[in-house]
>>> print(open('run-v6.tsv').read())   # TSV, C-alpha atoms
chain	number	residue	atom	x	y	z
A	22	MET	CA	4.50	17.91	-54.77
A	23	LYS	CA	3.53	18.66	-51.25
A	24	LYS	CA	0.52	16.78	-50.04
A	25	THR	CA	-2.18	19.07	-48.79
A	26	GLU	CA	-4.08	17.83	-45.82
A	27	PRO	CA	-7.66	18.88	-45.39
A	28	HIS	CA	-7.52	21.60	-42.75
A	29	SER	CA	-9.94	19.79	-40.49
A	30	SER	CA	-7.80	16.62	-40.16
A	31	ARG	CA	-6.16	17.69	-36.90
A	32	SER	CA	-9.45	18.35	-35.19
A	33	GLN	CA	-10.92	15.16	-36.58
A	34	GLN	CA	-7.96	13.27	-35.17
A	35	LEU	CA	-8.48	14.86	-31.77
A	36	GLU	CA	-12.16	14.11	-31.89
A	37	GLY	CA	-11.36	10.48	-32.75
A	38	ALA	CA	-8.89	10.11	-29.86
A	39	GLY	CA	-11.41	11.68	-27.49
A	40	LEU	CA	-14.13	9.39	-28.70
A	41	GLY	CA	-11.85	6.37	-28.29
A	42	PHE	CA	-11.18	7.37	-24.68
A	43	LEU	CA	-14.89	7.85	-23.99
A	44	ILE	CA	-15.66	4.41	-25.41
A	45	GLY	CA	-12.87	2.79	-23.40
A	46	PHE	CA	-13.84	4.59	-20.20
A	47	ALA	CA	-17.49	3.62	-20.69
A	48	GLY	CA	-16.33	0.02	-21.09
A	49	LEU	CA	-14.38	0.13	-17.80
A	50	LEU	CA	-17.34	1.63	-15.96
A	51	ALA	CA	-19.67	-0.97	-17.48
A	52	PHE	CA	-17.42	-3.84	-16.28
A	53	GLN	CA	-17.28	-2.25	-12.83
A	54	LEU	CA	-21.05	-1.84	-12.77
A	55	LEU	CA	-21.49	-5.45	-13.82
A	56	GLY	CA	-19.11	-6.49	-11.03
A	57	GLU	CA	-20.96	-4.39	-8.42
A	58	LEU	CA	-24.30	-5.86	-9.47
A	59	VAL	CA	-23.09	-9.47	-9.45
A	60	VAL	CA	-21.42	-9.31	-6.01
A	61	ARG	CA	-24.56	-7.71	-4.58
A	62	LEU	CA	-26.98	-10.11	-6.20
A	63	LEU	CA	-24.97	-13.18	-5.16
A	64	ALA	CA	-23.83	-11.64	-1.83
A	65	ILE	CA	-20.15	-12.53	-2.47
A	66	PRO	CA	-17.63	-10.87	-0.10
A	67	VAL	CA	-15.53	-9.48	-2.98
A	68	PRO	CA	-15.30	-5.77	-3.83
A	69	GLY	CA	-17.27	-4.97	-7.00
A	70	PRO	CA	-14.25	-3.62	-8.94
A	71	VAL	CA	-12.39	-6.92	-8.37
A	72	ALA	CA	-15.29	-8.84	-9.88
A	73	GLY	CA	-15.18	-6.29	-12.74
A	74	LEU	CA	-11.45	-7.01	-13.15
A	75	LEU	CA	-12.20	-10.74	-13.48
A	76	PHE	CA	-15.00	-10.15	-15.99
A	77	MET	CA	-12.82	-7.90	-18.10
A	78	SER	CA	-9.93	-10.43	-18.04
A	79	VAL	CA	-12.28	-13.14	-19.25
A	80	PHE	CA	-13.65	-10.79	-21.91
A	81	LEU	CA	-10.14	-9.95	-23.16
A	82	LEU	CA	-9.08	-13.61	-23.26
A	83	VAL	CA	-12.24	-14.77	-25.03
A	84	ARG	CA	-11.99	-11.93	-27.52
A	85	LYS	CA	-8.37	-12.77	-28.26
A	86	ARG	CA	-9.46	-16.26	-29.35
A	87	THR	CA	-12.39	-15.13	-31.46
A	88	LYS	CA	-11.24	-11.88	-33.05
A	89	ALA	CA	-8.06	-10.76	-34.72
A	90	SER	CA	-8.13	-7.14	-33.59
A	91	GLU	CA	-7.59	-5.93	-30.02
A	92	PRO	CA	-10.18	-3.71	-28.32
A	93	GLU	CA	-7.97	-0.63	-28.66
A	94	PRO	CA	-10.20	1.91	-26.85
A	95	LEU	CA	-10.49	-0.32	-23.77
A	96	LEU	CA	-6.74	-1.01	-23.67
A	97	ASN	CA	-5.85	2.65	-24.19
A	98	ALA	CA	-8.23	3.97	-21.54
A	99	SER	CA	-6.86	1.37	-19.10
A	100	SER	CA	-3.25	2.36	-19.75
A	101	LEU	CA	-4.14	6.00	-19.28
A	102	LEU	CA	-5.78	5.34	-15.89
A	103	LEU	CA	-2.95	3.06	-14.71
A	104	ALA	CA	-0.20	5.47	-15.80
A	105	HIS	CA	-0.97	7.70	-12.82
A	106	LEU	CA	-2.48	5.14	-10.48
A	107	SER	CA	-0.62	6.73	-7.54
A	108	LEU	CA	-2.61	9.95	-7.90
A	109	LEU	CA	-5.84	8.08	-7.23
A	110	PHE	CA	-4.63	6.91	-3.78
A	111	VAL	CA	-3.94	10.45	-2.58
A	112	PRO	CA	-7.44	11.53	-1.41
A	113	ALA	CA	-7.80	8.38	0.71
A	114	GLY	CA	-4.22	8.70	1.99
A	115	VAL	CA	-4.92	12.23	3.26
A	116	GLY	CA	-7.48	10.51	5.50
A	117	ILE	CA	-4.54	9.66	7.77
A	118	MET	CA	-5.11	13.09	9.36
A	119	THR	CA	-8.29	11.76	10.95
A	120	HIS	CA	-6.35	8.86	12.55
A	121	ILE	CA	-3.35	10.67	14.02
A	122	ASP	CA	-4.39	9.80	17.60
A	123	ARG	CA	-4.85	6.11	16.86
A	124	ILE	CA	-1.44	5.92	15.20
A	125	LYS	CA	0.21	7.79	18.09
A	126	ASP	CA	-1.29	5.30	20.56
A	127	GLN	CA	-0.42	2.16	18.62
A	128	TRP	CA	2.67	3.12	16.63
A	129	LEU	CA	4.88	0.40	18.12
A	130	SER	CA	2.58	-2.51	17.34
A	131	ILE	CA	1.84	-1.10	13.89
A	132	SER	CA	5.46	-0.61	12.85
A	133	VAL	CA	6.81	-3.88	14.28
A	134	ALA	CA	3.94	-5.85	12.71
A	135	LEU	CA	4.44	-4.19	9.31
A	136	ILE	CA	8.18	-4.88	9.25
A	137	ILE	CA	7.97	-8.53	10.37
A	138	ALA	CA	4.98	-9.36	8.17
A	139	SER	CA	6.65	-7.84	5.10
A	140	PHE	CA	9.68	-9.99	5.76
A	141	VAL	CA	7.50	-13.09	6.23
A	142	THR	CA	5.48	-12.50	3.03
A	143	LEU	CA	8.59	-11.88	0.91
A	144	PHE	CA	10.47	-14.86	2.32
A	145	VAL	CA	7.59	-17.36	2.27
A	146	THR	CA	6.42	-16.37	-1.24
A	147	ALA	CA	9.91	-16.57	-2.73
A	148	TRP	CA	10.95	-19.82	-1.09
A	149	SER	CA	7.69	-21.66	-1.64
A	150	LEU	CA	7.83	-20.65	-5.32
A	151	LYS	CA	11.41	-21.89	-5.55
A	152	ILE	CA	10.51	-25.22	-3.96
A	153	LEU	CA	7.32	-25.65	-6.02
A	154	ILE	CA	9.15	-25.01	-9.30
A	155	ARG	CA	11.78	-27.59	-8.39
A	156	PHE	CA	9.10	-30.03	-7.22
A	157	MET	CA	7.21	-29.71	-10.53
A	158	ASN	CA	10.42	-30.35	-12.49
A	159	LYS	CA	10.33	-27.04	-14.30
A	160	PRO	CA	13.51	-25.13	-15.14
A	161	GLU	CA	14.27	-22.40	-12.59
A	162	PRO	CA	13.55	-19.07	-14.32
A	163	GLU	CA	16.19	-16.37	-14.55
B	8	MET	CA	-14.09	46.72	2.11
B	9	GLU	CA	-10.88	44.77	1.40
B	10	LYS	CA	-11.50	42.53	4.38
B	11	ALA	CA	-15.09	41.79	3.38
B	12	ASN	CA	-14.02	40.77	-0.12
B	13	LEU	CA	-11.38	38.44	1.25
B	14	ASP	CA	-13.95	36.85	3.52
B	15	ILE	CA	-16.26	36.21	0.60
B	16	LEU	CA	-13.36	34.72	-1.31
B	17	TRP	CA	-12.43	32.49	1.61
B	18	VAL	CA	-15.97	31.25	2.10
B	19	TYR	CA	-16.14	30.42	-1.59
B	20	LEU	CA	-12.82	28.53	-1.56
B	21	SER	CA	-13.61	26.50	1.54
B	22	THR	CA	-17.03	25.43	0.34
B	23	SER	CA	-16.28	24.75	-3.32
B	24	PRO	CA	-14.89	21.36	-4.36
B	25	LEU	CA	-12.58	23.19	-6.74
B	26	ALA	CA	-9.94	24.01	-4.11
B	27	GLY	CA	-9.53	20.41	-2.85
B	28	LEU	CA	-9.34	19.08	-6.38
B	29	THR	CA	-6.76	21.65	-7.51
B	30	LEU	CA	-4.66	21.15	-4.38
B	31	THR	CA	-4.58	17.38	-4.98
B	32	LEU	CA	-3.44	17.71	-8.59
B	33	LEU	CA	-0.82	20.36	-7.84
B	34	ALA	CA	0.59	18.36	-4.90
B	35	TYR	CA	0.76	15.25	-7.09
B	36	LEU	CA	2.47	17.10	-9.96
B	37	PHE	CA	5.10	18.39	-7.55
B	38	ALA	CA	5.58	14.89	-6.06
B	39	TYR	CA	5.92	13.45	-9.57
B	40	TRP	CA	8.53	16.05	-10.46
B	41	LEU	CA	10.41	15.28	-7.24
B	42	GLN	CA	10.37	11.55	-7.96
B	43	ASN	CA	11.94	12.08	-11.38
B	44	LYS	CA	14.44	14.52	-9.91
B	45	THR	CA	15.62	11.93	-7.35
B	46	GLN	CA	15.71	8.99	-9.83
B	47	ALA	CA	12.69	7.34	-8.20
B	48	HIS	CA	14.16	7.20	-4.70
B	49	PRO	CA	11.74	5.04	-2.66
B	50	LEU	CA	11.29	7.82	-0.09
B	51	ALA	CA	10.26	10.25	-2.83
B	52	ASN	CA	7.16	8.09	-3.29
B	53	THR	CA	4.53	10.19	-5.05
B	54	VAL	CA	1.66	9.22	-2.74
B	55	LEU	CA	3.69	9.82	0.40
B	56	VAL	CA	4.90	13.26	-0.74
B	57	SER	CA	1.45	14.36	-2.00
B	58	VAL	CA	-0.24	13.31	1.23
B	59	VAL	CA	2.30	15.14	3.38
B	60	ILE	CA	1.90	18.36	1.36
B	61	ILE	CA	-1.89	18.23	1.44
B	62	VAL	CA	-2.12	17.39	5.15
B	63	ILE	CA	0.13	20.35	5.95
B	64	ALA	CA	-1.91	22.66	3.69
B	65	LEU	CA	-5.16	21.54	5.34
B	66	GLN	CA	-3.74	21.94	8.85
B	67	VAL	CA	-2.41	25.43	8.09
B	68	THR	CA	-5.78	26.57	6.69
B	69	SER	CA	-7.69	24.56	9.36
B	70	THR	CA	-9.74	22.82	6.70
B	71	SER	CA	-11.42	19.56	7.71
B	72	TYR	CA	-10.87	16.30	5.84
B	73	GLN	CA	-14.59	16.22	5.00
B	74	ASP	CA	-14.38	19.61	3.27
B	75	TYR	CA	-11.26	18.57	1.39
B	76	PHE	CA	-12.87	15.30	0.30
B	77	GLU	CA	-15.79	17.20	-1.26
B	78	GLY	CA	-13.38	18.02	-4.06
B	79	ALA	CA	-11.00	15.07	-3.89
B	80	GLN	CA	-13.81	12.54	-4.24
B	81	PHE	CA	-13.78	13.05	-8.01
B	82	ILE	CA	-10.25	11.62	-8.12
B	83	HIS	CA	-11.07	9.01	-5.50
B	84	PHE	CA	-13.94	7.74	-7.62
B	85	LEU	CA	-11.53	6.71	-10.40
B	86	LEU	CA	-10.06	3.98	-8.16
B	87	GLY	CA	-12.94	1.69	-9.15
B	88	PRO	CA	-12.42	1.78	-12.93
B	89	ALA	CA	-8.62	1.74	-12.34
B	90	THR	CA	-8.96	-1.57	-10.50
B	91	VAL	CA	-10.91	-2.98	-13.43
B	92	ALA	CA	-8.15	-1.69	-15.73
B	93	LEU	CA	-5.63	-3.97	-13.94
B	94	ALA	CA	-7.08	-6.69	-16.18
B	95	VAL	CA	-4.90	-5.30	-18.97
B	96	PRO	CA	-1.38	-5.98	-17.54
B	97	LEU	CA	-2.70	-9.35	-16.40
B	98	TYR	CA	-3.92	-10.20	-19.90
B	99	ARG	CA	-0.76	-8.91	-21.55
B	100	GLN	CA	1.67	-10.98	-19.46
B	101	LEU	CA	-0.26	-14.22	-19.26
B	102	GLY	CA	1.59	-15.73	-22.24
B	103	ASP	CA	5.01	-15.07	-20.68
B	104	VAL	CA	4.39	-16.90	-17.44
B	105	LYS	CA	1.97	-19.57	-18.57
B	106	GLN	CA	4.14	-22.53	-17.58
B	107	TYR	CA	4.68	-21.08	-14.10
B	108	LEU	CA	1.07	-20.12	-13.50
B	109	LEU	CA	0.24	-22.92	-11.06
B	110	PRO	CA	3.36	-22.65	-8.86
B	111	VAL	CA	3.05	-18.84	-8.84
B	112	PHE	CA	-0.60	-19.06	-7.84
B	113	LEU	CA	0.19	-21.50	-5.01
B	114	ALA	CA	3.22	-19.54	-3.77
B	115	VAL	CA	1.30	-16.24	-3.77
B	116	THR	CA	-1.49	-17.90	-1.78
B	117	ILE	CA	0.92	-19.42	0.76
B	118	GLY	CA	2.70	-16.07	1.10
B	119	ILE	CA	-0.60	-14.27	1.72
B	120	VAL	CA	-1.68	-16.75	4.40
B	121	ALA	CA	1.69	-16.56	6.19
B	122	GLY	CA	1.78	-12.76	5.97
B	123	THR	CA	-1.79	-12.31	7.16
B	124	ILE	CA	-1.37	-14.65	10.13
B	125	SER	CA	1.83	-12.90	11.19
B	126	ILE	CA	0.49	-9.37	10.87
B	127	VAL	CA	-2.72	-10.08	12.80
B	128	TRP	CA	-1.02	-12.09	15.55
B	129	ILE	CA	1.93	-9.76	16.02
B	130	SER	CA	-0.21	-6.62	16.13
B	131	LYS	CA	-2.64	-8.29	18.53
B	132	LEU	CA	0.25	-9.45	20.74
B	133	LEU	CA	1.66	-5.92	20.86
B	134	GLY	CA	-1.68	-4.43	21.87
B	135	ALA	CA	-3.24	-3.06	18.67
B	136	ASP	CA	-7.04	-2.95	18.82
B	137	PHE	CA	-9.33	-4.87	16.48
B	138	ALA	CA	-9.90	-2.06	13.97
B	139	THR	CA	-6.13	-1.53	13.67
B	140	GLN	CA	-5.50	-5.27	13.24
B	141	MET	CA	-8.05	-5.47	10.45
B	142	SER	CA	-6.68	-2.35	8.76
B	143	LEU	CA	-3.21	-3.91	8.94
B	144	SER	CA	-4.35	-7.25	7.53
B	145	VAL	CA	-4.99	-5.77	4.07
B	146	ARG	CA	-1.57	-4.05	3.87
B	147	SER	CA	-0.41	-6.15	0.88
B	148	VAL	CA	-3.40	-5.48	-1.35
B	149	THR	CA	-3.33	-2.61	-3.82
B	150	ALA	CA	-5.04	0.39	-2.20
B	151	PRO	CA	-8.46	0.57	-3.91
B	152	VAL	CA	-9.16	-3.08	-3.15
B	153	ALA	CA	-7.58	-2.91	0.31
B	154	MET	CA	-10.09	-0.21	1.22
B	155	GLY	CA	-13.00	-2.31	0.04
B	156	ILE	CA	-11.85	-5.36	2.00
B	157	ALA	CA	-10.99	-3.34	5.12
B	158	ASP	CA	-14.52	-1.93	5.12
B	159	LYS	CA	-16.00	-5.41	4.95
B	160	ILE	CA	-13.93	-6.98	7.76
B	161	GLY	CA	-14.15	-4.20	10.35
B	162	GLY	CA	-11.05	-2.20	9.53
B	163	ILE	CA	-10.83	1.52	8.72
B	164	ALA	CA	-10.51	2.16	4.99
B	165	SER	CA	-8.40	5.31	5.18
B	166	LEU	CA	-6.12	3.79	7.84
B	167	SER	CA	-5.63	0.70	5.69
B	168	VAL	CA	-4.43	2.88	2.81
B	169	VAL	CA	-1.67	4.23	5.02
B	170	MET	CA	-0.64	0.65	5.93
B	171	VAL	CA	-0.68	-0.28	2.25
B	172	LEU	CA	1.60	2.63	1.38
B	173	ILE	CA	4.09	1.88	4.16
B	174	THR	CA	4.23	-1.80	3.15
B	175	GLY	CA	4.77	-0.83	-0.47
B	176	ILE	CA	7.59	1.56	0.33
B	177	LEU	CA	9.29	-0.89	2.76
B	178	GLY	CA	9.27	-3.69	0.18
B	179	ALA	CA	10.45	-1.49	-2.66
B	180	MET	CA	13.34	-0.20	-0.56
B	181	PHE	CA	14.64	-3.43	0.97
B	182	GLY	CA	12.79	-6.38	-0.61
B	183	GLY	CA	15.27	-7.22	-3.37
B	184	GLN	CA	18.34	-7.03	-1.14
B	185	ILE	CA	16.77	-9.10	1.63
B	186	LEU	CA	15.69	-11.87	-0.74
B	187	ARG	CA	19.15	-12.04	-2.32
B	188	LEU	CA	20.66	-12.35	1.17
B	189	LEU	CA	18.23	-15.20	1.84
B	190	GLY	CA	19.57	-17.14	-1.14
B	191	VAL	CA	17.00	-16.28	-3.82
B	192	ARG	CA	18.83	-15.84	-7.13
B	193	SER	CA	16.02	-15.84	-9.70
B	194	GLU	CA	14.96	-12.33	-10.70
B	195	MET	CA	11.51	-13.64	-11.61
B	196	ILE	CA	11.01	-15.10	-8.14
B	197	ILE	CA	12.13	-11.85	-6.53
B	198	ALA	CA	9.72	-9.85	-8.71
B	199	ILE	CA	6.81	-12.13	-7.81
B	200	ALA	CA	7.54	-11.89	-4.08
B	201	MET	CA	7.77	-8.09	-4.42
B	202	GLY	CA	4.46	-7.89	-6.29
B	203	ASN	CA	2.80	-10.08	-3.68
B	204	ASN	CA	4.04	-8.11	-0.67
B	205	SER	CA	4.37	-4.61	-2.07
B	206	HIS	CA	1.59	-4.51	-4.70
B	207	GLY	CA	1.64	-1.44	-6.99
B	208	ILE	CA	4.65	0.23	-5.41
B	209	GLY	CA	6.72	-2.98	-5.60
B	210	THR	CA	5.53	-3.44	-9.17
B	211	ALA	CA	6.45	0.11	-10.14
B	212	ARG	CA	9.89	-0.52	-8.66
B	213	ALA	CA	10.24	-3.76	-10.67
B	214	PHE	CA	9.31	-1.89	-13.86
B	215	THR	CA	12.22	0.50	-13.29
B	216	ILE	CA	14.57	-2.53	-13.51
B	217	ASN	CA	13.07	-4.03	-16.68
B	218	GLN	CA	9.78	-4.79	-18.44
B	219	ARG	CA	9.82	-8.52	-17.75
B	220	LYS	CA	10.38	-8.08	-14.02
B	221	GLY	CA	7.61	-5.51	-14.00
B	222	ALA	CA	5.28	-7.90	-15.77
B	223	TYR	CA	5.96	-10.68	-13.24
B	224	ALA	CA	5.35	-8.31	-10.34
B	225	ALA	CA	2.13	-7.07	-11.98
B	226	LEU	CA	0.92	-10.63	-12.36
B	227	ALA	CA	1.62	-11.42	-8.70
B	228	MET	CA	-0.09	-8.21	-7.65
B	229	ALA	CA	-3.21	-8.94	-9.70
B	230	MET	CA	-3.33	-12.53	-8.40
B	231	ALA	CA	-2.87	-11.26	-4.84
B	232	VAL	CA	-5.78	-8.85	-5.35
B	233	VAL	CA	-8.15	-11.67	-6.25
B	234	ILE	CA	-6.84	-14.18	-3.69
B	235	ASN	CA	-6.92	-11.60	-0.88
B	236	ALA	CA	-10.44	-10.48	-1.78
B	237	LEU	CA	-11.68	-14.07	-1.63
B	238	LEU	CA	-9.55	-15.34	1.25
B	239	LEU	CA	-9.10	-12.51	3.76
B	240	PRO	CA	-12.69	-12.05	4.99
B	241	TRP	CA	-12.73	-15.73	5.88
B	242	LEU	CA	-9.13	-16.05	7.09
B	243	VAL	CA	-9.30	-13.18	9.61
B	244	THR	CA	-12.33	-14.70	11.33
B	245	LEU	CA	-10.14	-17.70	12.21
B	246	LEU	CA	-7.40	-15.63	13.85
>>> encode(input="run-v6.tsv", output="C-alpha cells")
Amino acid sequence: MKKTEPHSSRSQQLEGAGLGFLIGFAGLLAFQLLGELVVRLLAIPVPGPVAGLLFMSVFLLVRKRTKASEPEPLLNASSLLLAHLSLLFVPAGVGIMTHIDRIKDQWLSISVALIIASFVTLFVTAWSLKILIRFMNKPEPE
Amino acid sequence: MEKANLDILWVYLSTSPLAGLTLTLLAYLFAYWLQNKTQAHPLANTVLVSVVIIVIALQVTSTSYQDYFEGAQFIHFLLGPATVALAVPLYRQLGDVKQYLLPVFLAVTIGIVAGTISIVWISKLLGADFATQMSLSVRSVTAPVAMGIADKIGGIASLSVVMVLITGILGAMFGGQILRLLGVRSEMIIAIAMGNNSHGIGTARAFTINQRKGAYAALAMAMAVVINALLLPWLVTLL
C-alpha cells in the first residue's frame, strides 16, 4: 500500500530548513558580535570577525567533547556562506576603480613586489616545514 | 513623454540599491558559469571576472563607486559572518593534521614573516608610497580580514583586496609547479604553502585536486589569518 504523506509535509520541511538556517546565521552573527565587543573592550589590534572565528572554533571543540551531536544549523549556515565566498569579495574588489591612478603610477613596484614576495612565501613556508618535520623526527607526509 | 518616463526610470535606477545588488549577482553568476565552462582556469577567477564586468558597466553608465556600493554593501556585509564561518573547515580538519600542528604553525609563521619583509622592502625600494606598501603587506590574508588589517595599519582596504586577489591567482597558477621545481615532493607541504601564500584562491585550487589537499590548504589559510592579524600590525612598524 502506498504511504500517504500529510500534504503539509513539504512545506513543514521547507520551514524547518529555513529555521535551521536562521538559527545558524544568528549563531554566526552572535560570534562576530562577541568578537567585535571583545576586541574593542580589550583594545586588541585584531579584526572582530577573526576573534569571532577563534571563539567559534573553541565553542565547536568544547562542544565536541561534551556532546554527542554536532550543532547542525551552525555548520550548515557556515557551509552555505563559504560555498560562494568569492561573491562576497566582489563589492570591495570593484573599489579598484577608485584607485586606477595610484596603480598606474606604481604598477612596476606593485607587480615586482607581488611576484617576488609570493615566491618567497611559498619557498620559505614549504622548506621550513620540510626541515621542521625532519628535525622533529616525524614521518614526511605524502 | 517617452523621454520624461525614461528619465524617471533612470533616476530611480541610479538611486536605488536594487540596481547595484542585481548587477553584482548577475555578474557573479556569469563568472561562475565561465569558471565551470573553462574547467576552473585560474584566469577565469570568479572575483576577477565579476569585478571587470561591473567596473565596465559602471564606467559605461557613469555611475560612481559610492552609488554602486549603496546596493553592494548588503553582500559586502556578509564578509564578517563568513570569516567567522571559517572556524568550520578548521574544526573539521584538525584531527587529520594533529601530529603536524606545531611544525605547520611554525612554518606558516616563518613564511609570513619572510613574505611580509620582502613585500614591504621591495615595494619601498621600487618607490611605492606608504599606503601602497601597507596595502601590499596584507596580500596573503583572505580578503575580509586583509581589509580589516589594512585599515588598521594605514593601507587602503579596497586596494588591499586587489592585491589579495592578484596574489591568490598568481599562487594558484604557478605555486605547485614552482615548489616541485624547488625540490618539494610532499603534496601536503605544497598545499600548506599554497594556503599560506594564496589564501582562499589557493585553497579552492587545492580542493580541485583532492579533499585532503584542500583541507591542508584551508588549515594553513585559517592559521595565516590569525597569525597575520596578530603579527602584522606590529611587524610593519619595524620595517
>>> closest_residue(input="run-v6.tsv", among="B:Ala94, B:Val56, B:Leu238, B:Leu85", to="B:Ile160", atoms="all atoms listed in the file")
B:Leu238
>>> residues_near_point(input="run-v6.tsv", point="(11.8, -13.1, -11.6)", cutoff="8 Å", atoms="all atoms listed in the file", output="PyMOL selection string")
(chain A and resi 162-163) or (chain B and resi 193-199+219-220+223)
>>> interface_residues(input="run-v6.tsv", of="chain A", to="chain B", cutoff="6 Å", atoms="all atoms listed in the file", output="NGL selection string")
:A and (49-50 or 67-68 or 70 or 73-74 or 78 or 99 or 102 or 107 or 109 or 111-116 or 127 or 130 or 134 or 138 or 141-143 or 145-147 or 149-150 or 153 or 163)
>>> closest_residue(input="run-v6.tsv", among="B:Gln42, B:Gln100, B:Phe37, B:Asp74", to="B:Ser23", atoms="only C-alpha atoms")
B:Asp74
>>> residues_near_point(input="run-v6.tsv", point="(-15.2, -5.6, -13.2)", cutoff="7 Å", atoms="all atoms listed in the file", output="number ranges by chain")
A: 52-56, 69-77; B: 91
>>> atom_distance(input="run-v6.tsv", atom1="atom CA of A:Val83", atom2="atom CA of B:Leu226")
18.7 Å
>>> residues_around(input="run-v6.tsv", residues="A:Phe42", least_positions_apart="6", cutoff="9 Å", atoms="all atoms listed in the file", output="list in words")
Pro94, Leu95, Asn97, Ala98 and Leu101 of chain A
>>> atom_distance(input="run-v6.tsv", atom1="atom CA of A:Lys159", atom2="atom CA of A:Arg86")
27.1 Å
>>> atom_distance(input="run-v6.tsv", atom1="atom CA of A:Leu108", atom2="atom CA of A:Leu129")
28.7 Å
>>> residues_around(input="run-v6.tsv", residues="A:Pro92", least_positions_apart="6", cutoff="9 Å", atoms="only C-alpha atoms", output="PyMOL selection string")
chain A and resi 45+81+84
